[in-house]
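Asks: Below is the structure I would like to discuss, written out as structure tokens.
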Amino acid sequence: MTPPTRPSLIRRILGRMLLLLIFLFILGIIGGIIVLNNLTIAENWFGLNEYQVVETRHQIIRLFPYFWVAGILLVFLIGLIIGLKKHKKSPFYWLFSLLLLPAILFCIGVVSTFLPVDRQLFREETSAKEIMAALPNQSSFKDKELQLVSYSFHIRNVPLKSGIYAVARVINPNTGLQDEYWYYPENLLTKWKKDDDTIELSMEDTIAFDAIDWGVIPKIIKDSEARAAQLDYYVPGVSIVILNGFQGEWTWTVGLNGIRNRTEINYVYDLKGNYQSEWQ
């Protein structure tokens, strides 16, 4: 039996070392996931408190988009290399491996909120105004006064500021009934979709849709985040923005999630975006 040559021996050693490093890396990831999802272990074995655990967990979640994009690029490159090496001539192969599969992975990332393609929506004045203007500009509401009953803007993935949607309850000027419209960026045909089964709620106050400065939304979000950043404990971020009226007075309320994924801090603003108060 011929003994291995020096170059092949070196390659074999390097290969085993690489496999060992990959194994240790995967083991470290698994261990980190266990620690960050088990407060008992984190507190008693590593001396971390719940705030530190959640903050670390969210820092890792903020890296997910980079890994997701890297994964899509890797799938694309693997498909390209295999196709070139094996001289693939089937159009279906190239269509699936270089276009359909990366597109499917991208869509999964968007729907799962791990690709925050929508994080800038409602974060800029122009964006907020354009999105909200699309509702009264629908053909059925054209040239008619639209009255708002309530409005809310939601963020499903607070660490990544993604997975947004909005809900507006209005008085339909054509029927006089309450209609609820839902905004999702993923809606391709119409951004605002009418709920087919809206439940009538008791209504005390309404306000003209056009009387609201929707450009205030990014202003109060930024102000709330700045206030939360000054606290001496970790606050994940804004999860909901609500506009409602009581006894003729309309106010904005910005809710921020606590570490247990519930709204714990609420900042109240007037219609111009001026800070008024806080409640928990």
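We name chains A, B, ... following the order of the structure tokens; residues begin at 1 in each chain, and ligands are numbered from 1 as shown.
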From stretch 17-130 of chain A, collect each residue whose DSSP state is alpha helix (DSSP H) and return the set as a VMD selection string.
Replies: chain A and resid 17 to 36 39 to 45 50 to 61 64 to 85 91 to 95 101 to 111 125 to 130
Asks: Could you list, as a list in words, every residue within 10 Å of A:Pro65, counting only C-alpha atoms and ignoring same-chain residues fewer than 4 positions away?
Replies: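 Using only C-alpha atoms, the neighbours found are Ile61, Val69, Ala70, Gly71, Gly109, Val110, Thr113, Phe114, Leu115, Pro116, Val117 and Leu160 of chain A.
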Asks: As a PyMOL selection string, please: every residue in stretch 44-166 of chain A that a backbone DSSP assignment puts in strand (DSSP E).
Replies: chain A and resi 147-157+162-166
Asks: Identify which of the residues A:Gly79, A:Pro91, A:Gly273, A:Pro218 lies closest to A:Phe153, counting only C-alpha atoms when measuring atom-to-atom distances.
Replies: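 For A:Phe153, the nearest of the given residues is A:Pro218.
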Asks: Between A:Ile265, A:Cys107, A:Val216, A:Ile26, single out the one closest to A:Thr126, counting only C-alpha atoms.
Replies: A:Val216
Asks: As an exercise, work out the distance from atom CA of A:Lys272 to atom CA of A:Ser162 in Å and give it to one decimal place.
Replies: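 It comes out at 25.4 Å.
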Asks: Of the candidates A:Val238, A:Leu21, A:Ala168, A:Ile10, which one gets nearest to A:Ala134 if we count only C-alpha atoms?
Replies: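 Going through A:Val238, A:Leu21, A:Ala168, A:Ile10 one by one, the smallest distance to A:Ala134 is for A:Ala168.
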Asks: Enter the distance from atom CA of A:Glu186 to atom CA of A:Lys142, in Å, rounded to one decimal.
Replies: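 Between atom CA of A:Glu186 and atom CA of A:Lys142 the gap works out to 24.1 Å.
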Asks: Taking 4 positions as the minimum chain separation for residues in the same chain, which residues sit within 12 Å of A:Ile221 when counting only C-alpha atoms? Answer as a PyMOL selection string.
Replies: chain A and resi 120-125+128+153-155+161+215-217+225-228+237-242+252-256+266-269+273-275
Asks: Rounded to one decimal, what separation in Å do you get between atom CA of A:Asn244 and atom CA of A:Ile212?
Replies: 11.4 Å
Asks: Find, counting only C-alpha atoms, the residue in A:Glu50, A:Asp270, A:Asp196, A:Asp205 that gets nearest to A:Gln247.
Replies: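 Ranked by minimum distance to A:Gln247, first place goes to A:Asp205.
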Asks: Compare A:Pro236, A:Ile30, A:Asp179, A:Ile60 by their minimum atom-to-atom distance to A:Val158, counting only C-alpha atoms, and give me the closest one.
Replies: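 With only C-alpha atoms as the atom set, the closest residue is A:Pro236.
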Asks: For A:Asp210, find every residue with an atom within 9 Å (counting only C-alpha atoms), except residues of its own chain fewer than 5 positions away, and show them as a PyMOL selection string.
Replies: chain A and resi 133+136+145-147
